[in-house]
Amino acid sequence: MQQIVNFILRNKSFLLFALLLFISVMLTIQSHSYHRSRFINSANFLSGGIFNTSNNISDYFGLREQNKLLQEENNKLKSILFNTENITDSTFIDSLSFANHYKFTAAQVIRNSYAATNNILLLNKGNNDSIKQDFGVISSKGIIGIIEKTNSKYATVLSILNTTSSISAKLKKTNHFGSIKWNGKSPNQIQLSEIPKIAPVATGDTITTSGRSTIFPKGIPIGTISNFKLDTAENYYEIEVALFNDMTNIEHVYIIENTDAKHIENLLDTND
Amino acid sequence: MTNLLSIHTVRFIVLLLLQVLLLSHVNFMGYINPYPYILFILLFPIKNNRMLFILLSFLLGLCIDMFLDSGGIHAAAAVTIAFIRPVALKFSFGAVYDHQSVKFNNVDFGQRITYISILTIVHHFILFSLEIFNFSKILLVLKNTLFSSIFTILLCLLISIIFSGSNKK
């Protein structure tokens with residue numbers, strides 16, 4: 001007994017080191033598995049508050065650029081609005097149907113990261129704005145990622161530039177679908193795999209979301225094909241996709257809530 | 001003693017904020033970021049309690065992790081270099097360290113570079129191994145370690161020179 005106590009006393013700094021190293025490695029491993037709860041995340045009042053303050057200051061530097069983006073989007077929406085006006089005048093509108101099952105919330109990115117292999121963004125909307133886990137996040141140009149953790153005022157987003165995230169995508173002109181993942185190299189290229197060999201693939205084709213998950217609606221743009229080749233088994237394509245979004249420069253984003261998600265998931269659960 | 005305590009508390013907070021608000025967003029050439037918050041660990045008084053030192057390093061790493069959403073990679077790297085610091089001290093300062101009389105302000109410049117470089121490279125190697133967490137991407141780990149280390153070592157030297165100069169006056 002005496003010897004055990006002596007041993008502990010003699011090696012107390014090593015034991016402390018081993019314990020702390022063990023804790024931090026466990027936290028690291030946990031953060032590498034998708035959607036496991038993180039104990040240490042930036043969606044808390046201290047780091048969220050500090051990033052919010054710093055973003056309030058640095059906002060002004062990108063104002064001109066962001067205004068241009070918003071204006072472009074306004075233009076697009078206006079052109080859609082005015083072009084459909086004539087048609088809606090002469091048709092019967094069914095105001096009782098529940099067609100709008102996607103709810104949009106505007107938010108601002110207060111911390112952006114794109115240089116690491118597992119990138120996470122921080123938004124200034126949280127539980128108080130009824131933002132929850134697994135909501136989709138898009139910008140005016142294309143998809144950004146999926147909400148991971150929320151607290152009352154802030155939310156973290158698992159960016160598409162994260163090697164653990166995987167999103168279902170399809171070719172715009174046909175319905176062949178695959179999944180997009182990031183290999184951690186360039187912040188404006190992501191990889192689309194599992195597109196079958198039979199699909200007509202060409203460089204310059206547009207890739208959109210497939211709508212097969214409950215997170216994103218169908219047809220949100222992702223990027224264009226910049227390069228493709230068959231994989232080693234020659235059954236599927238490995239496609240390089242150039243993103244529409246400049247992930248290094250995002251400010252205004254929209255959070256998508258699918259109000260039918262629960263019903264769809266319940267239905268799928270009963271099938272299992 | 002209170003003076004020493006306040007200096008280290010201020011250094012802790014200033015380095016933490018500098019790191020998370022400014023230096024983690026440098027992204028030089030797309031991916032190179034310096035991590036000079038380890039200066040807190042490098043310049044911590046040698047005679048102090050070793051348990052406290054390891055615990056403080058862990059805390060600093062954990063705070064950085066909290067801001068950068070990186071799990072526990074900074075905590076792991078920081079606690080490791082805190083633990084191996086005596087070895088690095090002995091290697092770079094030799095006999096002076098045995099008498100426990102190293103003053104960072106008046107050691108030889110070459111020795112100081114050796115000391116900073118050893119701990120920075122170890123820190124960055126652990127950091128990027130844990131961040132990328134994939135043995136098949138060992139080349140990416142080494143590339144990141146090399147370039148970020150150069151950046152960090154330069155910044156650490158600059159900061160330590162600037163502030164040690166003003167202390168002497």
# chains A, B, ... in the order shown; residues from 1 in each chain; ligands from 1
>>> interface_residues(of="chain B", to="chain A", cutoff="9 Å", atoms="only C-alpha atoms", output="ChimeraX atom specification")
/B:20-21,24-25,27,30-33,50-51,54-55,58,62-63,65-77,79-80,82-83,130-133
>>> residues_around(residues="Ala242 in chain A", least_positions_apart="2", cutoff="6 Å", atoms="only C-alpha atoms", output="list in words")
Asn188, Gln189, Gly223, Thr224 and Ser226 of chain A
>>> write_last_selection(atoms="C-alpha atoms", output="tab-separated table (two decimals), in the first residue's frame")
chain	number	residue	atom	x	y	z
A	188	ASN	CA	-13.82	25.37	-53.73
A	189	GLN	CA	-13.79	21.74	-54.93
A	223	GLY	CA	-21.82	23.40	-58.31
A	224	THR	CA	-20.68	22.35	-61.77
A	226	SER	CA	-15.04	20.34	-63.37
>>> select_by_dssp(residues="range 11-240 of chain A", states="strand (DSSP E or B)", output="number ranges by chain")
A: 102-111, 118-123, 136-138, 143-150, 155-162, 167-171, 177-181, 189-196, 206-209, 221-230, 236-240
>>> atom_distance(atom1="CA of Leu56 in chain B", atom2="CA of Leu157 in chain B")
22.3 Å
>>> residues_around(residues="Gly145 in chain A", least_positions_apart="4", cutoff="8 Å", atoms="only C-alpha atoms", output="number ranges by chain")
A: 136-138, 157-160
>>> closest_residue(among="A:Ile264, A:Ile250, A:Ala155, A:Ile222", to="Leu70 in chain A", atoms="only C-alpha atoms")
A:Ile250
>>> select_by_dssp(residues="range 5-165 of chain B", states="alpha helix (DSSP H)", output="PyMOL selection string")
chain B and resi 5-21+39-42+50-68+73-93+95-98+109-132+138-165
>>> atom_distance(atom1="CA of Tyr115 in chain B", atom2="CA of Pro86 in chain B")
10.5 Å
>>> residues_around(residues="Asn128 in chain A", least_positions_apart="6", cutoff="10 Å", atoms="only C-alpha atoms", output="MDAnalysis selection string")
chainID A and resid 150:154
>>> atom_distance(atom1="CA of Asn271 in chain A", atom2="CA of Lys103 in chain A")
27.0 Å
>>> closest_residue(among="B:Ala88, B:Ile13, B:Leu18, B:Leu5", to="Pro34 in chain B", atoms="only C-alpha atoms")
B:Leu18
>>> closest_residue(among="B:Lys137, B:Lys143, B:Lys47, B:Arg11", to="His124 in chain B", atoms="only C-alpha atoms")
B:Lys143
>>> residues_around(residues="range 196-201 of chain A", least_positions_apart="6", cutoff="10 Å", atoms="only C-alpha atoms", output="PDB file with all heavy atoms, in the first residue's frame")
ATOM      1  N   LEU A 171     -27.525  14.794 -60.539  1.00  0.00           N
ATOM      2  CA  LEU A 171     -27.294  15.571 -61.749  1.00  0.00           C
ATOM      3  C   LEU A 171     -28.567  16.351 -62.033  1.00  0.00           C
ATOM      4  O   LEU A 171     -29.666  15.839 -61.862  1.00  0.00           O
ATOM      5  CB  LEU A 171     -26.995  14.651 -62.929  1.00  0.00           C
ATOM      6  CG  LEU A 171     -25.758  13.775 -62.815  1.00  0.00           C
ATOM      7  CD1 LEU A 171     -25.668  12.865 -64.020  1.00  0.00           C
ATOM      8  CD2 LEU A 171     -24.517  14.645 -62.726  1.00  0.00           C
ATOM      9  N   LYS A 173     -29.771  17.420 -64.942  1.00  0.00           N
ATOM     10  CA  LYS A 173     -30.556  17.085 -66.135  1.00  0.00           C
ATOM     11  C   LYS A 173     -31.175  15.694 -66.071  1.00  0.00           C
ATOM     12  O   LYS A 173     -32.179  15.445 -66.705  1.00  0.00           O
ATOM     13  CB  LYS A 173     -29.695  17.253 -67.388  1.00  0.00           C
ATOM     14  CG  LYS A 173     -28.452  16.416 -67.410  1.00  0.00           C
ATOM     15  CD  LYS A 173     -27.684  16.661 -68.693  1.00  0.00           C
ATOM     16  CE  LYS A 173     -26.449  15.796 -68.726  1.00  0.00           C
ATOM     17  NZ  LYS A 173     -25.623  16.042 -69.892  1.00  0.00           N
ATOM     18  N   THR A 174     -30.579  14.784 -65.281  1.00  0.00           N
ATOM     19  CA  THR A 174     -31.228  13.486 -65.096  1.00  0.00           C
ATOM     20  C   THR A 174     -31.446  13.312 -63.608  1.00  0.00           C
ATOM     21  O   THR A 174     -31.186  14.216 -62.841  1.00  0.00           O
ATOM     22  CB  THR A 174     -30.334  12.346 -65.612  1.00  0.00           C
ATOM     23  OG1 THR A 174     -29.185  12.283 -64.785  1.00  0.00           O
ATOM     24  CG2 THR A 174     -29.945  12.551 -67.052  1.00  0.00           C
ATOM     25  N   ASN A 175     -31.919  12.122 -63.211  1.00  0.00           N
ATOM     26  CA  ASN A 175     -32.142  11.943 -61.779  1.00  0.00           C
ATOM     27  C   ASN A 175     -31.154  10.995 -61.139  1.00  0.00           C
ATOM     28  O   ASN A 175     -31.425  10.434 -60.088  1.00  0.00           O
ATOM     29  CB  ASN A 175     -33.577  11.468 -61.513  1.00  0.00           C
ATOM     30  CG  ASN A 175     -34.520  12.637 -61.470  1.00  0.00           C
ATOM     31  OD1 ASN A 175     -34.160  13.715 -61.003  1.00  0.00           O
ATOM     32  ND2 ASN A 175     -35.725  12.446 -61.969  1.00  0.00           N
ATOM     33  N   HIS A 176     -29.999  10.797 -61.765  1.00  0.00           N
ATOM     34  CA  HIS A 176     -28.984   9.939 -61.141  1.00  0.00           C
ATOM     35  C   HIS A 176     -28.440  10.632 -59.912  1.00  0.00           C
ATOM     36  O   HIS A 176     -28.032  11.778 -59.981  1.00  0.00           O
ATOM     37  CB  HIS A 176     -27.849   9.672 -62.130  1.00  0.00           C
ATOM     38  CG  HIS A 176     -28.289   8.873 -63.306  1.00  0.00           C
ATOM     39  ND1 HIS A 176     -28.580   9.444 -64.507  1.00  0.00           N
ATOM     40  CD2 HIS A 176     -28.512   7.550 -63.444  1.00  0.00           C
ATOM     41  CE1 HIS A 176     -28.964   8.511 -65.363  1.00  0.00           C
ATOM     42  NE2 HIS A 176     -28.931   7.345 -64.742  1.00  0.00           N
ATOM     43  N   PHE A 177     -28.449   9.909 -58.791  1.00  0.00           N
ATOM     44  CA  PHE A 177     -28.012  10.560 -57.555  1.00  0.00           C
ATOM     45  C   PHE A 177     -26.779   9.889 -56.975  1.00  0.00           C
ATOM     46  O   PHE A 177     -26.482   8.734 -57.258  1.00  0.00           O
ATOM     47  CB  PHE A 177     -29.138  10.565 -56.519  1.00  0.00           C
ATOM     48  CG  PHE A 177     -29.567   9.190 -56.087  1.00  0.00           C
ATOM     49  CD1 PHE A 177     -28.960   8.564 -55.005  1.00  0.00           C
ATOM     50  CD2 PHE A 177     -30.562   8.535 -56.770  1.00  0.00           C
ATOM     51  CE1 PHE A 177     -29.337   7.291 -54.630  1.00  0.00           C
ATOM     52  CE2 PHE A 177     -30.944   7.251 -56.393  1.00  0.00           C
ATOM     53  CZ  PHE A 177     -30.330   6.641 -55.324  1.00  0.00           C
ATOM     54  N   GLY A 178     -26.065  10.658 -56.152  1.00  0.00           N
ATOM     55  CA  GLY A 178     -24.888  10.149 -55.447  1.00  0.00           C
ATOM     56  C   GLY A 178     -24.729  10.944 -54.170  1.00  0.00           C
ATOM     57  O   GLY A 178     -25.650  11.637 -53.756  1.00  0.00           O
ATOM     58  N   ILE A 225     -19.670  20.357 -62.697  1.00  0.00           N
ATOM     59  CA  ILE A 225     -18.644  19.318 -62.821  1.00  0.00           C
ATOM     60  C   ILE A 225     -17.406  19.923 -63.461  1.00  0.00           C
ATOM     61  O   ILE A 225     -17.473  20.515 -64.534  1.00  0.00           O
ATOM     62  CB  ILE A 225     -19.168  18.149 -63.673  1.00  0.00           C
ATOM     63  CG1 ILE A 225     -20.370  17.518 -62.974  1.00  0.00           C
ATOM     64  CG2 ILE A 225     -18.076  17.119 -63.903  1.00  0.00           C
ATOM     65  CD1 ILE A 225     -20.995  16.403 -63.750  1.00  0.00           C
ATOM     66  N   ASN A 227     -14.339  18.006 -63.447  1.00  0.00           N
ATOM     67  CA  ASN A 227     -13.475  16.906 -63.853  1.00  0.00           C
ATOM     68  C   ASN A 227     -14.151  15.610 -63.417  1.00  0.00           C
ATOM     69  O   ASN A 227     -14.813  15.579 -62.388  1.00  0.00           O
ATOM     70  CB  ASN A 227     -12.115  17.059 -63.163  1.00  0.00           C
ATOM     71  CG  ASN A 227     -11.054  16.250 -63.857  1.00  0.00           C
ATOM     72  OD1 ASN A 227     -11.336  15.599 -64.864  1.00  0.00           O
ATOM     73  ND2 ASN A 227      -9.846  16.288 -63.337  1.00  0.00           N
ATOM     74  N   PHE A 228     -14.002  14.534 -64.200  1.00  0.00           N
ATOM     75  CA  PHE A 228     -14.561  13.259 -63.740  1.00  0.00           C
ATOM     76  C   PHE A 228     -13.774  12.093 -64.295  1.00  0.00           C
ATOM     77  O   PHE A 228     -13.147  12.191 -65.346  1.00  0.00           O
ATOM     78  CB  PHE A 228     -16.041  13.140 -64.095  1.00  0.00           C
ATOM     79  CG  PHE A 228     -16.315  13.107 -65.577  1.00  0.00           C
ATOM     80  CD1 PHE A 228     -16.428  11.895 -66.248  1.00  0.00           C
ATOM     81  CD2 PHE A 228     -16.455  14.281 -66.289  1.00  0.00           C
ATOM     82  CE1 PHE A 228     -16.672  11.870 -67.614  1.00  0.00           C
ATOM     83  CE2 PHE A 228     -16.703  14.257 -67.647  1.00  0.00           C
ATOM     84  CZ  PHE A 228     -16.814  13.054 -68.319  1.00  0.00           C
ATOM     85  N   LYS A 229     -13.804  10.979 -63.544  1.00  0.00           N
ATOM     86  CA  LYS A 229     -13.197   9.740 -64.040  1.00  0.00           C
ATOM     87  C   LYS A 229     -13.904   8.560 -63.388  1.00  0.00           C
ATOM     88  O   LYS A 229     -14.599   8.730 -62.375  1.00  0.00           O
ATOM     89  CB  LYS A 229     -11.698   9.725 -63.737  1.00  0.00           C
ATOM     90  CG  LYS A 229     -11.307   9.671 -62.282  1.00  0.00           C
ATOM     91  CD  LYS A 229      -9.816   9.370 -62.190  1.00  0.00           C
ATOM     92  CE  LYS A 229      -9.417   8.871 -60.827  1.00  0.00           C
ATOM     93  NZ  LYS A 229      -9.324   9.854 -59.764  1.00  0.00           N
ATOM     94  N   LEU A 230     -13.734   7.349 -63.965  1.00  0.00           N
ATOM     95  CA  LEU A 230     -14.325   6.159 -63.362  1.00  0.00           C
ATOM     96  C   LEU A 230     -13.471   5.706 -62.187  1.00  0.00           C
ATOM     97  O   LEU A 230     -12.258   5.921 -62.185  1.00  0.00           O
ATOM     98  CB  LEU A 230     -14.414   5.040 -64.396  1.00  0.00           C
ATOM     99  CG  LEU A 230     -15.565   5.159 -65.397  1.00  0.00           C
ATOM    100  CD1 LEU A 230     -15.409   4.112 -66.480  1.00  0.00           C
ATOM    101  CD2 LEU A 230     -16.902   4.985 -64.700  1.00  0.00           C
ATOM    102  N   ASP A 231     -14.080   5.118 -61.164  1.00  0.00           N
ATOM    103  CA  ASP A 231     -13.281   4.620 -60.040  1.00  0.00           C
ATOM    104  C   ASP A 231     -12.568   3.329 -60.438  1.00  0.00           C
ATOM    105  O   ASP A 231     -12.721   2.835 -61.552  1.00  0.00           O
ATOM    106  CB  ASP A 231     -14.154   4.437 -58.790  1.00  0.00           C
ATOM    107  CG  ASP A 231     -15.211   3.371 -58.968  1.00  0.00           C
ATOM    108  OD1 ASP A 231     -15.257   2.758 -60.042  1.00  0.00           O
ATOM    109  OD2 ASP A 231     -15.996   3.168 -58.034  1.00  0.00           O
ATOM    110  N   GLU A 234     -14.489   0.597 -61.886  1.00  0.00           N
ATOM    111  CA  GLU A 234     -15.157   1.018 -63.118  1.00  0.00           C
ATOM    112  C   GLU A 234     -16.668   0.830 -63.084  1.00  0.00           C
ATOM    113  O   GLU A 234     -17.285   0.468 -64.077  1.00  0.00           O
ATOM    114  CB  GLU A 234     -14.553   0.269 -64.318  1.00  0.00           C
ATOM    115  CG  GLU A 234     -13.056   0.493 -64.466  1.00  0.00           C
ATOM    116  CD  GLU A 234     -12.638   0.651 -65.911  1.00  0.00           C
ATOM    117  OE1 GLU A 234     -13.246  -0.033 -66.740  1.00  0.00           O
ATOM    118  OE2 GLU A 234     -11.744   1.481 -66.192  1.00  0.00           O
ATOM    119  N   ASN A 235     -17.273   1.024 -61.917  1.00  0.00           N
ATOM    120  CA  ASN A 235     -18.731   0.965 -61.832  1.00  0.00           C
ATOM    121  C   ASN A 235     -19.342   2.333 -61.591  1.00  0.00           C
ATOM    122  O   ASN A 235     -20.459   2.602 -62.001  1.00  0.00           O
ATOM    123  CB  ASN A 235     -19.169   0.047 -60.688  1.00  0.00           C
ATOM    124  CG  ASN A 235     -18.923  -1.394 -61.019  1.00  0.00           C
ATOM    125  OD1 ASN A 235     -19.062  -1.791 -62.168  1.00  0.00           O
ATOM    126  ND2 ASN A 235     -18.534  -2.172 -60.019  1.00  0.00           N
ATOM    127  N   TYR A 236     -18.598   3.164 -60.904  1.00  0.00           N
ATOM    128  CA  TYR A 236     -19.132   4.476 -60.534  1.00  0.00           C
ATOM    129  C   TYR A 236     -18.168   5.568 -60.968  1.00  0.00           C
ATOM    130  O   TYR A 236     -16.973   5.342 -61.107  1.00  0.00           O
ATOM    131  CB  TYR A 236     -19.330   4.553 -59.014  1.00  0.00           C
ATOM    132  CG  TYR A 236     -20.389   3.621 -58.497  1.00  0.00           C
ATOM    133  CD1 TYR A 236     -20.040   2.434 -57.873  1.00  0.00           C
ATOM    134  CD2 TYR A 236     -21.732   3.944 -58.634  1.00  0.00           C
ATOM    135  CE1 TYR A 236     -21.017   1.574 -57.400  1.00  0.00           C
ATOM    136  CE2 TYR A 236     -22.713   3.093 -58.161  1.00  0.00           C
ATOM    137  CZ  TYR A 236     -22.356   1.905 -57.543  1.00  0.00           C
ATOM    138  OH  TYR A 236     -23.318   1.073 -57.088  1.00  0.00           O
ATOM    139  N   TYR A 237     -18.724   6.754 -61.148  1.00  0.00           N
ATOM    140  CA  TYR A 237     -17.879   7.907 -61.454  1.00  0.00           C
ATOM    141  C   TYR A 237     -17.341   8.541 -60.179  1.00  0.00           C
ATOM    142  O   TYR A 237     -18.017   8.543 -59.142  1.00  0.00           O
ATOM    143  CB  TYR A 237     -18.684   8.973 -62.200  1.00  0.00           C
ATOM    144  CG  TYR A 237     -18.879   8.681 -63.658  1.00  0.00           C
ATOM    145  CD1 TYR A 237     -20.143   8.419 -64.162  1.00  0.00           C
ATOM    146  CD2 TYR A 237     -17.795   8.697 -64.530  1.00  0.00           C
ATOM    147  CE1 TYR A 237     -20.340   8.166 -65.507  1.00  0.00           C
ATOM    148  CE2 TYR A 237     -17.977   8.452 -65.865  1.00  0.00           C
ATOM    149  CZ  TYR A 237     -19.245   8.177 -66.363  1.00  0.00           C
ATOM    150  OH  TYR A 237     -19.420   7.941 -67.679  1.00  0.00           O
ATOM    151  N   GLU A 238     -16.123   9.074 -60.272  1.00  0.00           N
ATOM    152  CA  GLU A 238     -15.616   9.960 -59.225  1.00  0.00           C
ATOM    153  C   GLU A 238     -15.561  11.346 -59.830  1.00  0.00           C
ATOM    154  O   GLU A 238     -14.803  11.587 -60.764  1.00  0.00           O
ATOM    155  CB  GLU A 238     -14.218   9.532 -58.783  1.00  0.00           C
ATOM    156  CG  GLU A 238     -14.224   8.345 -57.859  1.00  0.00           C
ATOM    157  CD  GLU A 238     -12.829   7.841 -57.579  1.00  0.00           C
ATOM    158  OE1 GLU A 238     -11.867   8.359 -58.164  1.00  0.00           O
ATOM    159  OE2 GLU A 238     -12.725   6.922 -56.757  1.00  0.00           O
ATOM    160  N   ILE A 239     -16.373  12.251 -59.322  1.00  0.00           N
ATOM    161  CA  ILE A 239     -16.558  13.540 -59.984  1.00  0.00           C
ATOM    162  C   ILE A 239     -16.063  14.674 -59.094  1.00  0.00           C
ATOM    163  O   ILE A 239     -16.353  14.706 -57.892  1.00  0.00           O
ATOM    164  CB  ILE A 239     -18.056  13.754 -60.316  1.00  0.00           C
ATOM    165  CG1 ILE A 239     -18.528  12.649 -61.265  1.00  0.00           C
ATOM    166  CG2 ILE A 239     -18.290  15.112 -60.932  1.00  0.00           C
ATOM    167  CD1 ILE A 239     -19.995  12.628 -61.508  1.00  0.00           C
TER     168      ILE A 239
END
>>> residues_around(residues="Thr209 in chain A", least_positions_apart="2", cutoff="10 Å", atoms="only C-alpha atoms", output="number ranges by chain")
A: 142-143, 167-172, 177-180, 207, 211-213, 215-223
>>> decode(residues="range 40-50 of chain B", atoms="all heavy atoms", output="compact mmCIF listing (two decimals), in the first residue's frame")
# COMPACT_ATOMS: atom_id res chain seq x y z
N PHE B 40 2.61 31.25 -24.17
CA PHE B 40 2.26 31.16 -22.75
C PHE B 40 2.97 29.97 -22.10
O PHE B 40 3.50 30.08 -21.00
CB PHE B 40 0.75 31.02 -22.60
CG PHE B 40 0.29 30.81 -21.19
CD1 PHE B 40 0.19 31.88 -20.32
CD2 PHE B 40 -0.02 29.54 -20.73
CE1 PHE B 40 -0.21 31.69 -19.01
CE2 PHE B 40 -0.42 29.35 -19.42
CZ PHE B 40 -0.52 30.42 -18.57
N ILE B 41 2.97 28.84 -22.83
CA ILE B 41 3.60 27.63 -22.29
C ILE B 41 5.13 27.76 -22.33
O ILE B 41 5.82 27.38 -21.40
CB ILE B 41 3.13 26.40 -23.09
CG1 ILE B 41 1.61 26.28 -22.96
CG2 ILE B 41 3.80 25.14 -22.62
CD1 ILE B 41 0.98 25.36 -23.94
N LEU B 42 5.64 28.36 -23.43
CA LEU B 42 7.10 28.48 -23.57
C LEU B 42 7.70 29.38 -22.49
O LEU B 42 8.78 29.11 -21.97
CB LEU B 42 7.44 29.07 -24.94
CG LEU B 42 7.01 28.28 -26.17
CD1 LEU B 42 7.40 29.01 -27.43
CD2 LEU B 42 7.62 26.90 -26.17
N LEU B 43 7.00 30.47 -22.16
CA LEU B 43 7.59 31.47 -21.26
C LEU B 43 7.14 31.33 -19.81
O LEU B 43 7.43 32.19 -18.99
CB LEU B 43 7.23 32.88 -21.76
CG LEU B 43 7.73 33.23 -23.17
CD1 LEU B 43 7.38 34.65 -23.51
CD2 LEU B 43 9.22 33.01 -23.28
N PHE B 44 6.42 30.25 -19.50
CA PHE B 44 5.97 30.06 -18.12
C PHE B 44 7.19 29.89 -17.20
O PHE B 44 8.16 29.24 -17.59
CB PHE B 44 5.07 28.82 -18.05
CG PHE B 44 4.19 28.79 -16.85
CD1 PHE B 44 3.02 29.53 -16.83
CD2 PHE B 44 4.51 28.02 -15.75
CE1 PHE B 44 2.19 29.51 -15.74
CE2 PHE B 44 3.69 28.00 -14.64
CZ PHE B 44 2.53 28.74 -14.64
N PRO B 45 7.18 30.49 -15.99
CA PRO B 45 8.36 30.41 -15.11
C PRO B 45 8.76 28.97 -14.83
O PRO B 45 7.92 28.11 -14.60
CB PRO B 45 7.89 31.07 -13.81
CG PRO B 45 6.68 31.81 -14.15
CD PRO B 45 6.12 31.30 -15.41
N ILE B 46 10.08 28.73 -14.85
CA ILE B 46 10.57 27.36 -14.74
C ILE B 46 10.44 26.80 -13.33
O ILE B 46 10.12 25.64 -13.13
CB ILE B 46 12.04 27.32 -15.20
CG1 ILE B 46 12.09 27.51 -16.71
CG2 ILE B 46 12.70 26.00 -14.84
CD1 ILE B 46 13.43 27.86 -17.23
N LYS B 47 10.62 27.67 -12.35
CA LYS B 47 10.64 27.16 -10.97
C LYS B 47 9.25 26.81 -10.46
O LYS B 47 9.12 26.26 -9.37
CB LYS B 47 11.25 28.22 -10.05
CG LYS B 47 12.76 28.27 -10.17
CD LYS B 47 13.29 29.44 -9.39
CE LYS B 47 14.55 29.98 -10.04
NZ LYS B 47 14.85 31.32 -9.56
N ASN B 48 8.22 27.16 -11.21
CA ASN B 48 6.87 26.99 -10.68
C ASN B 48 6.43 25.53 -10.61
O ASN B 48 7.01 24.65 -11.21
CB ASN B 48 5.89 27.80 -11.50
CG ASN B 48 5.27 28.89 -10.66
OD1 ASN B 48 4.77 28.61 -9.59
ND2 ASN B 48 5.35 30.11 -11.14
N ASN B 49 5.36 25.35 -9.87
CA ASN B 49 4.74 24.05 -9.66
C ASN B 49 4.39 23.38 -10.98
O ASN B 49 3.71 23.95 -11.81
CB ASN B 49 3.46 24.30 -8.84
CG ASN B 49 2.81 23.01 -8.44
OD1 ASN B 49 3.19 21.95 -8.92
ND2 ASN B 49 1.85 23.11 -7.57
N ARG B 50 4.88 22.14 -11.14
CA ARG B 50 4.72 21.49 -12.43
C ARG B 50 3.26 21.06 -12.68
O ARG B 50 2.76 21.12 -13.81
CB ARG B 50 5.63 20.27 -12.49
CG ARG B 50 5.80 19.80 -13.89
CD ARG B 50 7.04 18.97 -14.05
NE ARG B 50 7.00 18.35 -15.35
CZ ARG B 50 7.38 17.10 -15.56
NH1 ARG B 50 7.83 16.36 -14.58
NH2 ARG B 50 7.31 16.60 -16.76
